[in-house]
Each structure stands twice: as C-alpha cells, then as structure tokens.
Amino acid sequence: MNTLTVKAPAISCGHCVKTIQTEVAELTGVQAVKADEKTKMVTINFDSPATKEAIEKLMSEIGYPVEK
Ligand SMILES: [Cu+2]
C-alpha cells in the first residue's frame with residue numbers, strides 16, 4: 001500500500017471534497033481517498049495499477065491540480 005498526500009489549492013467547499021473523493025476513488029487500485037476542506041490536503045491510499053502520476057493527472061483533469 002502506498003500513500004500519497006498532496007495539496008489541491010482549488011478545494012473551496014464540501015462539494016469539492018466530495019467530487020475528489022468520488023472521482024479519485026474510481027481509479028483502479030485506489031483504496032481510500034480523504035480530502036479536507038480546511039487544509040486543502042488530499043490523502044490517497046493506493047496499490048498497483050494506480051500510480052502517483054495517474055492520480056495527479058486525474059486530479060488536474062477534474063479541476064483540482066496538485067500544488068508542486
Ligand atoms: Cu467546492
């Protein structure tokens with residue numbers, strides 16, 4: 001199990017949190033997604049075939065690019 005923690009500055013409300021948690025969880029290999037509205041941090045637990053790159057790409061596609 002790998003853990004990725006990223007900051008997504010575009011998170012602005014509970015709806016954003018729900019969108020991220022729903023969309024990222026659909027990626028094959030992702031086990032758990034926890035987003036926080038206040039800190040704008042997202043923690044993802046994943047296994048193969050999911051990758052850090054694939055998760056970050058998906059977050060950009062749904063409108064929440066991660067801060068580098
Ligand atoms: Cu929102």
# chains A, B, ... in the order shown; residues from 1 in each chain; ligands from 1
call {"tool": "select_by_dssp", "arguments": {"residues": "chain A", "states": "strand (DSSP E or B)", "output": "list in words"}}
result
Asn2, Thr3, Leu4, Thr5, Val6, Lys7, Val30, Gln31, Ala32, Val33, Lys34, Ala35, Met41, Val42, Thr43, Ile44, Asn45 and Phe46 of chain A
call {"tool": "write_last_selection", "arguments": {"atoms": "C-alpha atoms", "output": "PDB file, in the first residue's frame"}}
result
ATOM      1  CA  ASN A   2       1.308   3.409  -0.999  1.00  0.00           C
ATOM      2  CA  THR A   3       0.199   6.696   0.491  1.00  0.00           C
ATOM      3  CA  LEU A   4       0.196   9.958  -1.429  1.00  0.00           C
ATOM      4  CA  THR A   5      -0.506  13.260   0.306  1.00  0.00           C
ATOM      5  CA  VAL A   6      -0.967  16.322  -1.877  1.00  0.00           C
ATOM      6  CA  LYS A   7      -2.302  19.846  -1.601  1.00  0.00           C
ATOM      7  CA  VAL A  30      -7.102   3.366  -5.274  1.00  0.00           C
ATOM      8  CA  GLN A  31      -8.169   2.043  -1.881  1.00  0.00           C
ATOM      9  CA  ALA A  32      -9.103   5.182   0.033  1.00  0.00           C
ATOM     10  CA  VAL A  33      -9.305   8.933  -0.536  1.00  0.00           C
ATOM     11  CA  LYS A  34      -9.612  11.531   2.189  1.00  0.00           C
ATOM     12  CA  ALA A  35      -9.839  15.206   1.272  1.00  0.00           C
ATOM     13  CA  MET A  41      -4.927  18.374   1.623  1.00  0.00           C
ATOM     14  CA  VAL A  42      -5.818  15.092  -0.028  1.00  0.00           C
ATOM     15  CA  THR A  43      -4.513  11.745   1.177  1.00  0.00           C
ATOM     16  CA  ILE A  44      -4.797   8.769  -1.152  1.00  0.00           C
ATOM     17  CA  ASN A  45      -4.022   5.142  -0.305  1.00  0.00           C
ATOM     18  CA  PHE A  46      -3.355   3.092  -3.412  1.00  0.00           C
TER      19      PHE A  46
END
call {"tool": "residues_near_ligand", "arguments": {"ligand": "ligand 1", "cutoff": "10 Å", "atoms": "only C-alpha atoms and all ligand atoms", "output": "list in words"}}
result
Ala10, Ile11, Ser12, Cys13, Gly14, His15, Cys16, Val17, Lys18, Thr19, Ile20 and Glu37 of chain A
call {"tool": "atom_distance", "arguments": {"atom1": "CA of Asp36 (chain A)", "atom2": "CA of Pro49 (chain A)"}}
result
25.0 Å
call {"tool": "closest_residue", "arguments": {"among": "A:Thr28, A:Ala8, A:Glu23, A:Met1", "to": "Lys68 (chain A)", "atoms": "only C-alpha atoms"}}
result
A:Ala8
call {"tool": "select_by_dssp", "arguments": {"residues": "chain A", "states": "helix (DSSP H, G or I)", "output": "list in words"}}
result
Gly14, His15, Cys16, Val17, Lys18, Thr19, Ile20, Gln21, Thr22, Glu23, Val24, Ala25, Lys52, Glu53, Ala54, Ile55, Glu56, Lys57, Leu58, Met59, Ser60 and Glu61 of chain A
call {"tool": "write_last_selection", "arguments": {"atoms": "C-alpha atoms", "output": "PDB file, in the first residue's frame"}}
result
ATOM      1  CA  GLY A  14     -17.504  20.408   0.846  1.00  0.00           C
ATOM      2  CA  HIS A  15     -18.668  19.805  -2.696  1.00  0.00           C
ATOM      3  CA  CYS A  16     -15.073  19.871  -3.920  1.00  0.00           C
ATOM      4  CA  VAL A  17     -14.153  17.362  -1.228  1.00  0.00           C
ATOM      5  CA  LYS A  18     -16.951  15.046  -2.307  1.00  0.00           C
ATOM      6  CA  THR A  19     -16.057  15.356  -6.007  1.00  0.00           C
ATOM      7  CA  ILE A  20     -12.406  14.499  -5.371  1.00  0.00           C
ATOM      8  CA  GLN A  21     -13.211  11.616  -3.067  1.00  0.00           C
ATOM      9  CA  THR A  22     -15.686  10.154  -5.574  1.00  0.00           C
ATOM     10  CA  GLU A  23     -13.640  10.655  -8.756  1.00  0.00           C
ATOM     11  CA  VAL A  24     -10.247   9.576  -7.422  1.00  0.00           C
ATOM     12  CA  ALA A  25     -11.746   6.506  -5.744  1.00  0.00           C
ATOM     13  CA  LYS A  52       1.174   8.867  -8.190  1.00  0.00           C
ATOM     14  CA  GLU A  53       1.357  10.249 -11.740  1.00  0.00           C
ATOM     15  CA  ALA A  54      -2.053   8.845 -12.719  1.00  0.00           C
ATOM     16  CA  ILE A  55      -3.685  10.225  -9.584  1.00  0.00           C
ATOM     17  CA  GLU A  56      -2.193  13.685 -10.087  1.00  0.00           C
ATOM     18  CA  LYS A  57      -3.198  13.657 -13.760  1.00  0.00           C
ATOM     19  CA  LEU A  58      -6.779  12.743 -12.852  1.00  0.00           C
ATOM     20  CA  MET A  59      -6.938  15.499 -10.255  1.00  0.00           C
ATOM     21  CA  SER A  60      -5.869  18.037 -12.886  1.00  0.00           C
ATOM     22  CA  GLU A  61      -8.495  16.705 -15.286  1.00  0.00           C
TER      23      GLU A  61
END
call {"tool": "residues_around", "arguments": {"residues": "Pro9 (chain A)", "least_positions_apart": "5", "cutoff": "8 Å", "atoms": "only C-alpha atoms", "output": "PyMOL selection string"}}
result
chain A and resi 40+64-67
